[in-house]
Amino acid sequence: MIPELGHFALALALALSCAQAAFGLVGPWRGMPRLMAATPPLAAGALLATAVTFGCLMWSFAVNDTSVSNVAQNSHSAKPMLYKLTATWGSHEGSMVLWVLILALCGGAVAGFGRDLPSALKARVLAVLGLVGVGFFAFILGTSNPFDRLWPPPPDGQGLNPVLQDPGLAFHPPLLYLGYVGCAVTFAFAVAALIEGRVDAAWGRWVRPWALAAWSFLTLGIALGSWWAYYELGWGGYWFWDPVENASLLPWLAGCALLHSAVVVEKREALKTWTVFLALLAFGLSLLGTFLVRSGVLNSVHAFASDPTRGVFILGLLMLYVGGGFALFAWRAAAMTPTGVFAPLSREGSLVLNNLLLCSIAAVVLAGTLYPMFADLLLGQKISVGPPFFNTALLPLAVPLIGAMAVGAVLPWKRARLFPALQRLWWAALGGFAALLLCLALEGARIGPALGFAAGAWVVLGALADIADRLALFSRPRAALARALSLPRSAWGGAVAHSGMGVLILGLAGMGLATDRLALLKPGESAELAGYTWQLDGLESAQGPNYSARRASVSVLDEGRLVAALAPEKRSFPVGRATTTEAAIHTSWLSDLYAVLGDERDGAAVLRLHHNPLAPWIWIGAAIMALGGALSLSDRRVRVSAPAPKAVRGGEARA
Amino acid sequence: MTAVPEKRATPMSRRALMVLPALVAGGAGLGFFAMLRGIGTGSYDPRGVPSALLGKAPPAFELPPLEGVGLPGLSASDLRAPGRPVLVNFFASWCVPCVIEHPQLMRLSRDGVPVFGVGYKDQPADSRRFLERHGNPYARLGVDLPGRASIDWGLYGVPETYLIDRGGVIRWRWAGPVTEDTVRADLGPLLRRYA
């Protein structure tokens, strides 16, 4: 009964979204205020219906209702309750329901918080969101019904992929989807602006919080996924340039560029066409990711079970939204006349540079991701593009980006002079140089990591210098506190996010110094790595709630003194016949000691041991970046999107 | 495309620039559609395993013969310039898909294609029993009990088959059983091309 209720609510959500799209488009076009006024309640209704759908699906998982085929395939009664609930989005069908739930949430948020939006713009934005909803509700109902029944129901489910039974991965998809789907809102704003044929400062102000929120969630989602890969997959790495990882990085890069160019629209009314293009691109790239993961066109650890019918459907949606958006862009964007002409050396000039570099990076990542697929299709060649390509191709783009990151933030708007800006940053440069020398002195001639440390220090200190400068911390220190309190939170947010990037770069540089070794050890034997003695104390069997495990006890000793006791595990799950490795990690925040248990033979075990300097800083840096986004978002001026008087008049005149 | 639109471009080239994203998206869409079609018909396989050896000579190796069968062993020199295309097939008696592909190898051998075999991590007695039971398509047969030579070949698993052209260059690699479809769609045309 409950699953049928969920199925019904899903169909209801589709109907409401249809109405939302139709009213929202026709209302402003024909000047019918009552149709426009109907869109927010419809969006709220669609949200309610989608929430009921999601709740019903979750309930089916919670009570382990195996007559629902999705539950039978992805859950098991022996699973802990938390993972029964998170299994709701562990399968293709369930994750699509989560996707539309978040889309409906975004629609509800625009309807609820966008009171200051001109009603025509609001109706159009909701219409576009409704249109996106229609496509995905139809996709779920047509090809991936999560409530399909099984008769007779099997006695118990087949279990979730054990790799997914993990807190990090359980919350990785929701965060990532919040980011992906958040891009739908900026997309909707861009399409609405193209329909209206007008982009102004107020538009920039409305779009920015959404771009910020989507970007922050994407940052967290990607970081969580990377962290999960680090501790769960047991390869000791954090990023593999896997096509699916790249698919999540692409909208992040576009979103990051959008975030910065929206500021230029807001402050200077320039870069309008470009910003609209980025908003279309960011959502297009998130949909591309959805397509790549779910259609089976690529082979990856992340890919869902492939089904060409679903692939064709998603491709249709992709073409409808992205192709449609770009076609609208081609038709309407040329009409948007640029107003601001500006000097290359200025805040806006530096933001243009930021955009060019971020988009070039995105282009390289996109090319590296899609090239093997197209080479296979067109030339019949099997090629794999791996880390060496990405590392070498991205370095020359990352270096100027990082260099300009600190400089751009201290440049004034309109017209700047380079020398005063550099004067404010001299001690950041000094710090970077000191980090370079320090690394060379301590680690020898490792030029890559040394440059990484220099870059990280430069960015962190540059952000500090920016804040210190705004507070006049050194010239007039007594008033600094008062100034700190009155400094807009968006300024703090920007500096915090930049420093987070710096911390992340330091983490990457530290990982450049990582060392590892394979050792075949019998209990009592030990191996040397990174100045520590890693001793295997014993091997034992252990029993978990729905798995059995082999566990090794490893003591890490520094000249006889115990530094860490590690217990890496190899778990085997009888349901689903899978094994997972649980790496044991001891972190001192400055470095990780990391051990993975491999196969055992004749009483000896293969252990892979890693020493990863500054590894945690990668994820701490990402968290700081997201925190910066949240700080910026909490700025009253960003949140309360007070429209410029001109915009209101214009909006109503058109309505 | 990354050029800043605020540049004072002439209206026409500006217009063209605006159309570009739609064209690129459309082109990519067509490509993706072709891939999905290809998955359906089998002509596009994202799970295919590429080999680093394609277009190169086989790695250096030397494997002893399987005793009691009366066939010579296999080494890299046998593949240096065979004069006509040959197949190198990695198999094992414990491998079920190897039984599935065996009739195809027998047919190829009858049709005059030299098939060289490598017994991968397989006890000689077991290999002999396997060949007695299912027939022997091999013209040469090496035994790789420790699996070292197979690692140099970059073996993904058994069965796996390579096509080496008359000049001794690896032209094709097939991870998995050679089925009738494989022979018809992939191997047959290649054999004709490199004959």
# chains A, B, ... in the order shown; residues from 1 in each chain; ligands from 1
>>> residues_around(residues="Phe61 (chain A)", least_positions_apart="5", cutoff="10 Å", atoms="only C-alpha atoms", output="list in words")
Gly55, Cys56, Thr66, Val68, Asn70, Val71, Ala72, Asn74, Ser75, His76, Ser77, Met81, Tyr83, Lys84, Leu85, Thr86, Ala87 and Thr88 of chain A
>>> write_last_selection(atoms="C-alpha atoms", output="PDB file, in the first residue's frame")
ATOM      1  CA  GLY A  55       9.317   9.098   2.279  1.00  0.00           C
ATOM      2  CA  CYS A  56       7.423   6.086   0.937  1.00  0.00           C
ATOM      3  CA  THR A  66      11.090  -7.223  -0.236  1.00  0.00           C
ATOM      4  CA  VAL A  68       9.361  -4.013  -3.811  1.00  0.00           C
ATOM      5  CA  ASN A  70      14.217  -2.160  -5.662  1.00  0.00           C
ATOM      6  CA  VAL A  71      14.358  -3.094  -1.951  1.00  0.00           C
ATOM      7  CA  ALA A  72      14.869  -6.768  -2.729  1.00  0.00           C
ATOM      8  CA  ASN A  74      19.517  -3.421  -2.762  1.00  0.00           C
ATOM      9  CA  SER A  75      18.782  -4.160   0.862  1.00  0.00           C
ATOM     10  CA  HIS A  76      18.921  -6.942   3.400  1.00  0.00           C
ATOM     11  CA  SER A  77      17.330  -7.459   6.799  1.00  0.00           C
ATOM     12  CA  MET A  81      19.237   0.659  10.122  1.00  0.00           C
ATOM     13  CA  TYR A  83      22.391   1.778   5.864  1.00  0.00           C
ATOM     14  CA  LYS A  84      18.862   0.538   5.256  1.00  0.00           C
ATOM     15  CA  LEU A  85      17.830   4.188   5.114  1.00  0.00           C
ATOM     16  CA  THR A  86      20.786   5.315   3.015  1.00  0.00           C
ATOM     17  CA  ALA A  87      20.156   2.394   0.649  1.00  0.00           C
ATOM     18  CA  THR A  88      17.170   4.492  -0.458  1.00  0.00           C
TER      19      THR A  88
END
>>> residues_around(residues="Gly168 (chain A)", least_positions_apart="2", cutoff="9 Å", atoms="only C-alpha atoms", output="PDB file with C-alpha atoms, in the first residue's frame")
ATOM      1  CA  LEU A 164      28.480   1.546  -0.197  1.00  0.00           C
ATOM      2  CA  GLN A 165      27.977   0.468   3.394  1.00  0.00           C
ATOM      3  CA  ASP A 166      29.993   3.322   4.767  1.00  0.00           C
ATOM      4  CA  ALA A 170      26.160   7.178   2.356  1.00  0.00           C
ATOM      5  CA  PHE A 171      26.185  10.985   2.391  1.00  0.00           C
ATOM      6  CA  HIS A 172      28.341  11.554  -0.686  1.00  0.00           C
ATOM      7  CA  LEU A 224      33.654  13.465   0.683  1.00  0.00           C
ATOM      8  CA  GLY A 225      33.893  11.194  -2.345  1.00  0.00           C
ATOM      9  CA  TRP A 227      38.033  11.070   1.157  1.00  0.00           C
ATOM     10  CA  TRP A 228      35.974   7.913   0.831  1.00  0.00           C
TER      11      TRP A 228
END
>>> residues_around(residues="Pro82 (chain B)", least_positions_apart="6", cutoff="7 Å", atoms="only C-alpha atoms", output="list in words")
Arg166, Gly167 and Gly168 of chain B
>>> write_last_selection(atoms="N, CA and C atoms", output="PDB file, in the first residue's frame")
ATOM      1  N   ARG B 166      51.952 -10.975 -40.362  1.00  0.00           N
ATOM      2  CA  ARG B 166      53.080 -11.689 -40.987  1.00  0.00           C
ATOM      3  C   ARG B 166      54.410 -11.068 -40.627  1.00  0.00           C
ATOM      4  N   GLY B 167      54.386  -9.770 -40.295  1.00  0.00           N
ATOM      5  CA  GLY B 167      55.637  -9.102 -39.923  1.00  0.00           C
ATOM      6  C   GLY B 167      55.957  -9.212 -38.444  1.00  0.00           C
ATOM      7  N   GLY B 168      55.099  -9.909 -37.671  1.00  0.00           N
ATOM      8  CA  GLY B 168      55.389 -10.079 -36.260  1.00  0.00           C
ATOM      9  C   GLY B 168      54.905  -8.955 -35.373  1.00  0.00           C
TER      10      GLY B 168
END
>>> atom_distance(atom1="CA of Ala479 (chain A)", atom2="CA of Ser499 (chain A)")
23.9 Å
>>> select_by_dssp(residues="region 45-142 of chain B", states="strand (DSSP E or B)", output="compact mmCIF listing (two decimals) with C-alpha atoms, in the first residue's frame")
# COMPACT_ATOMS: atom_id res chain seq x y z
CA GLU B 62 60.59 -18.54 -24.03
CA LEU B 63 58.27 -21.30 -22.90
CA PRO B 65 56.84 -27.51 -24.70
CA LEU B 74 56.78 -21.32 -27.98
CA SER B 75 59.17 -18.41 -27.81
CA VAL B 86 49.06 -16.36 -36.47
CA LEU B 87 46.99 -16.49 -33.30
CA VAL B 88 48.41 -16.78 -29.82
CA ASN B 89 45.85 -18.16 -27.41
CA PHE B 90 46.24 -18.23 -23.63
CA PHE B 91 44.18 -20.97 -22.02
CA VAL B 115 47.16 -21.23 -33.60
CA PHE B 116 49.89 -21.13 -30.96
CA GLY B 117 48.84 -21.97 -27.43
CA VAL B 118 50.10 -20.99 -24.00
CA GLY B 119 48.95 -23.03 -21.03
CA TYR B 120 48.57 -20.47 -18.29
CA ARG B 140 52.94 -24.89 -31.02
CA LEU B 141 52.30 -25.07 -27.33
CA GLY B 142 54.21 -23.41 -24.49
>>> interface_residues(of="chain A", to="chain B", cutoff="9 Å", atoms="only C-alpha atoms", output="number ranges by chain")
A: 270-274, 277, 281, 295-300, 308-309, 311-312, 315-316, 318-319, 322-334, 337-341, 352, 355-356, 359-360, 373-374, 376-378, 380-384
>>> write_last_selection(atoms="N, CA and C atoms", output="compact mmCIF listing (two decimals), in the first residue's frame")
# COMPACT_ATOMS: atom_id res chain seq x y z
N ALA A 270 28.96 43.93 -16.49
CA ALA A 270 29.72 43.47 -17.65
C ALA A 270 29.74 41.93 -17.62
N LEU A 271 30.34 41.34 -18.62
CA LEU A 271 30.44 39.87 -18.73
C LEU A 271 29.09 39.18 -18.71
N LYS A 272 28.05 39.87 -19.18
CA LYS A 272 26.70 39.31 -19.02
C LYS A 272 26.50 38.04 -19.84
N THR A 273 26.79 38.12 -21.15
CA THR A 273 26.58 36.97 -22.01
C THR A 273 27.39 35.79 -21.51
N TRP A 274 28.60 36.12 -21.11
CA TRP A 274 29.52 35.08 -20.65
C TRP A 274 28.97 34.40 -19.41
N PHE A 277 26.20 32.15 -20.28
CA PHE A 277 26.77 30.95 -20.90
C PHE A 277 27.28 29.99 -19.83
N LEU A 281 26.29 26.25 -19.04
CA LEU A 281 27.35 25.24 -19.13
C LEU A 281 27.41 24.39 -17.84
N SER A 295 24.26 5.76 -18.29
CA SER A 295 23.88 5.22 -19.59
C SER A 295 24.71 4.01 -19.98
N GLY A 296 25.83 3.77 -19.29
CA GLY A 296 26.67 2.65 -19.65
C GLY A 296 27.65 2.94 -20.76
N VAL A 297 27.81 4.23 -21.18
CA VAL A 297 28.75 4.49 -22.26
C VAL A 297 30.18 4.47 -21.76
N LEU A 298 30.39 4.50 -20.46
CA LEU A 298 31.78 4.37 -20.01
C LEU A 298 31.89 3.34 -18.91
N ASN A 299 33.09 2.89 -18.73
CA ASN A 299 33.37 1.81 -17.82
C ASN A 299 34.08 2.39 -16.61
N SER A 300 33.44 2.30 -15.46
CA SER A 300 34.04 2.92 -14.29
C SER A 300 33.53 2.22 -13.04
N PRO A 308 20.81 0.70 -22.07
CA PRO A 308 20.78 1.65 -23.18
C PRO A 308 19.45 2.40 -23.30
N THR A 309 18.32 1.77 -22.90
CA THR A 309 17.04 2.50 -23.00
C THR A 309 17.09 3.74 -22.13
N GLY A 311 19.75 5.18 -21.17
CA GLY A 311 20.74 6.08 -21.75
C GLY A 311 20.11 6.97 -22.80
N VAL A 312 19.30 6.37 -23.68
CA VAL A 312 18.67 7.15 -24.75
C VAL A 312 17.75 8.20 -24.15
N LEU A 315 19.80 10.92 -22.63
CA LEU A 315 20.41 11.71 -23.72
C LEU A 315 19.37 12.66 -24.30
N GLY A 316 18.14 12.16 -24.43
CA GLY A 316 17.07 13.02 -24.92
C GLY A 316 16.88 14.22 -23.99
N LEU A 318 19.08 15.45 -21.93
CA LEU A 318 20.29 16.27 -22.03
C LEU A 318 20.20 17.19 -23.24
N MET A 319 19.77 16.61 -24.36
CA MET A 319 19.67 17.40 -25.58
C MET A 319 18.58 18.46 -25.45
N VAL A 322 20.07 21.07 -22.46
CA VAL A 322 21.32 21.74 -22.79
C VAL A 322 21.27 22.27 -24.22
N GLY A 323 20.85 21.39 -25.14
CA GLY A 323 20.74 21.83 -26.52
C GLY A 323 19.74 22.98 -26.63
N GLY A 324 18.60 22.83 -25.94
CA GLY A 324 17.60 23.88 -25.97
C GLY A 324 18.15 25.17 -25.38
N GLY A 325 18.83 25.04 -24.25
CA GLY A 325 19.40 26.23 -23.60
C GLY A 325 20.40 26.93 -24.51
N PHE A 326 21.26 26.15 -25.15
CA PHE A 326 22.28 26.76 -26.01
C PHE A 326 21.66 27.31 -27.29
N ALA A 327 20.59 26.66 -27.77
CA ALA A 327 19.91 27.18 -28.95
C ALA A 327 19.29 28.53 -28.63
N LEU A 328 18.67 28.60 -27.45
CA LEU A 328 18.09 29.87 -27.00
C LEU A 328 19.19 30.92 -26.87
N PHE A 329 20.33 30.46 -26.37
CA PHE A 329 21.48 31.35 -26.20
C PHE A 329 21.92 31.90 -27.56
N ALA A 330 22.01 30.99 -28.55
CA ALA A 330 22.44 31.42 -29.89
C ALA A 330 21.47 32.43 -30.46
N TRP A 331 20.18 32.24 -30.14
CA TRP A 331 19.14 33.08 -30.71
C TRP A 331 19.08 34.43 -30.01
N ARG A 332 19.20 34.44 -28.69
CA ARG A 332 18.90 35.64 -27.93
C ARG A 332 20.12 36.38 -27.39
N ALA A 333 21.24 35.65 -27.19
CA ALA A 333 22.32 36.27 -26.44
C ALA A 333 22.93 37.46 -27.17
N ALA A 334 22.95 37.39 -28.50
CA ALA A 334 23.59 38.46 -29.25
C ALA A 334 22.87 39.78 -29.01
N THR A 337 23.37 43.63 -25.12
CA THR A 337 24.50 44.49 -25.45
C THR A 337 25.40 44.63 -24.24
N PRO A 338 26.70 44.49 -24.47
CA PRO A 338 27.62 44.72 -23.36
C PRO A 338 27.66 46.20 -23.03
N THR A 339 27.72 46.51 -21.76
CA THR A 339 27.77 47.91 -21.36
C THR A 339 29.14 48.28 -20.83
N GLY A 340 29.68 47.45 -19.95
CA GLY A 340 30.93 47.82 -19.29
C GLY A 340 32.13 47.52 -20.18
N VAL A 341 32.94 48.50 -20.39
CA VAL A 341 34.24 48.28 -21.04
C VAL A 341 35.26 48.56 -19.96
N VAL A 352 38.15 38.03 -15.11
CA VAL A 352 38.11 37.48 -16.47
C VAL A 352 39.22 36.44 -16.63
N ASN A 355 38.24 33.35 -14.98
CA ASN A 355 37.28 32.61 -15.79
C ASN A 355 37.94 31.90 -16.95
N LEU A 356 38.86 32.60 -17.61
CA LEU A 356 39.53 31.97 -18.74
C LEU A 356 40.29 30.74 -18.29
N CYS A 359 37.96 27.90 -17.14
CA CYS A 359 37.30 27.26 -18.27
C CYS A 359 38.30 26.46 -19.10
N SER A 360 39.53 26.93 -19.18
CA SER A 360 40.54 26.14 -19.90
C SER A 360 40.78 24.83 -19.17
N MET A 373 36.42 8.00 -25.31
CA MET A 373 35.15 7.48 -25.80
C MET A 373 34.97 7.80 -27.28
N PHE A 374 35.32 9.05 -27.66
CA PHE A 374 35.14 9.42 -29.05
C PHE A 374 36.20 8.77 -29.94
N ASP A 376 37.32 5.80 -29.47
CA ASP A 376 36.81 4.45 -29.66
C ASP A 376 35.70 4.45 -30.72
N LEU A 377 34.84 5.47 -30.62
CA LEU A 377 33.69 5.53 -31.53
C LEU A 377 34.11 5.82 -32.96
N LEU A 378 34.97 6.85 -33.12
CA LEU A 378 35.26 7.34 -34.46
C LEU A 378 36.46 6.64 -35.09
N GLY A 380 37.97 3.79 -33.65
CA GLY A 380 38.07 2.39 -33.26
C GLY A 380 39.30 2.09 -32.43
N GLN A 381 39.81 3.11 -31.73
CA GLN A 381 41.01 2.88 -30.93
C GLN A 381 40.67 2.89 -29.45
N LYS A 382 41.24 1.93 -28.75
CA LYS A 382 41.07 1.90 -27.30
C LYS A 382 42.20 2.69 -26.67
N ILE A 383 41.84 3.78 -26.05
CA ILE A 383 42.85 4.63 -25.44
C ILE A 383 42.42 4.88 -24.02
N SER A 384 43.35 4.89 -23.10
CA SER A 384 42.95 5.38 -21.79
C SER A 384 43.80 6.59 -21.46
>>> closest_residue(among="B:Lys121, B:His134, B:Arg184, B:Arg107", to="Pro146 (chain B)", atoms="only C-alpha atoms")
B:Lys121
>>> residues_around(residues="Leu191 (chain B)", least_positions_apart="4", cutoff="7 Å", atoms="only C-alpha atoms", output="list in words")
Pro85, Leu187 and Ala195 of chain B
>>> residues_around(residues="region 14-22 of chain A", least_positions_apart="2", cutoff="6 Å", atoms="only C-alpha atoms", output="list in words")
Ala11, Leu12, Gly24, Leu25, Val26, Thr39, Leu42, Ala46, Ala127, Gly130, Leu131, Val134 and Phe137 of chain A
>>> write_last_selection(atoms="N, CA and C atoms", output="CSV table (one decimal), in the first residue's frame")
chain,number,residue,atom,x,y,z
A,11,ALA,N,3.5,10.4,-9.7
A,11,ALA,CA,2.7,10.8,-10.8
A,11,ALA,C,2.1,12.2,-10.6
A,12,LEU,N,1.7,12.4,-9.4
A,12,LEU,CA,1.1,13.7,-9.0
A,12,LEU,C,2.2,14.8,-9.2
A,24,GLY,N,4.0,29.0,-15.8
A,24,GLY,CA,5.1,29.9,-15.7
A,24,GLY,C,5.6,30.4,-17.0
A,25,LEU,N,5.4,29.6,-18.1
A,25,LEU,CA,5.8,30.2,-19.4
A,25,LEU,C,4.7,31.0,-20.0
A,26,VAL,N,3.5,30.5,-19.9
A,26,VAL,CA,2.4,31.3,-20.6
A,26,VAL,C,2.1,32.5,-19.8
A,39,THR,N,2.3,29.8,-9.9
A,39,THR,CA,3.5,28.9,-10.0
A,39,THR,C,4.1,28.6,-8.6
A,42,LEU,N,2.2,25.8,-6.9
A,42,LEU,CA,2.4,24.6,-7.7
A,42,LEU,C,3.8,24.0,-7.3
A,46,ALA,N,4.5,20.4,-5.8
A,46,ALA,CA,5.4,19.4,-6.4
A,46,ALA,C,6.4,18.9,-5.3
A,127,ALA,N,9.1,28.0,-14.0
A,127,ALA,CA,8.7,27.2,-15.2
A,127,ALA,C,9.8,26.4,-15.7
A,130,GLY,N,10.3,23.6,-13.4
A,130,GLY,CA,9.2,22.6,-13.6
A,130,GLY,C,9.5,21.8,-14.8
A,131,LEU,N,10.0,22.4,-15.9
A,131,LEU,CA,10.3,21.7,-17.1
A,131,LEU,C,11.3,20.7,-16.9
A,134,VAL,N,9.7,17.9,-15.1
A,134,VAL,CA,8.8,17.0,-16.0
A,134,VAL,C,9.6,15.9,-16.6
A,137,PHE,N,10.8,13.4,-13.8
A,137,PHE,CA,9.7,12.6,-13.3
A,137,PHE,C,9.3,11.6,-14.4
>>> residues_around(residues="Leu175 (chain A)", least_positions_apart="4", cutoff="9 Å", atoms="only C-alpha atoms", output="list in words")
Phe171, Gly179, Tyr180, Phe217, Leu218, Thr219, Leu220, Gly221, Ile222 and Leu224 of chain A
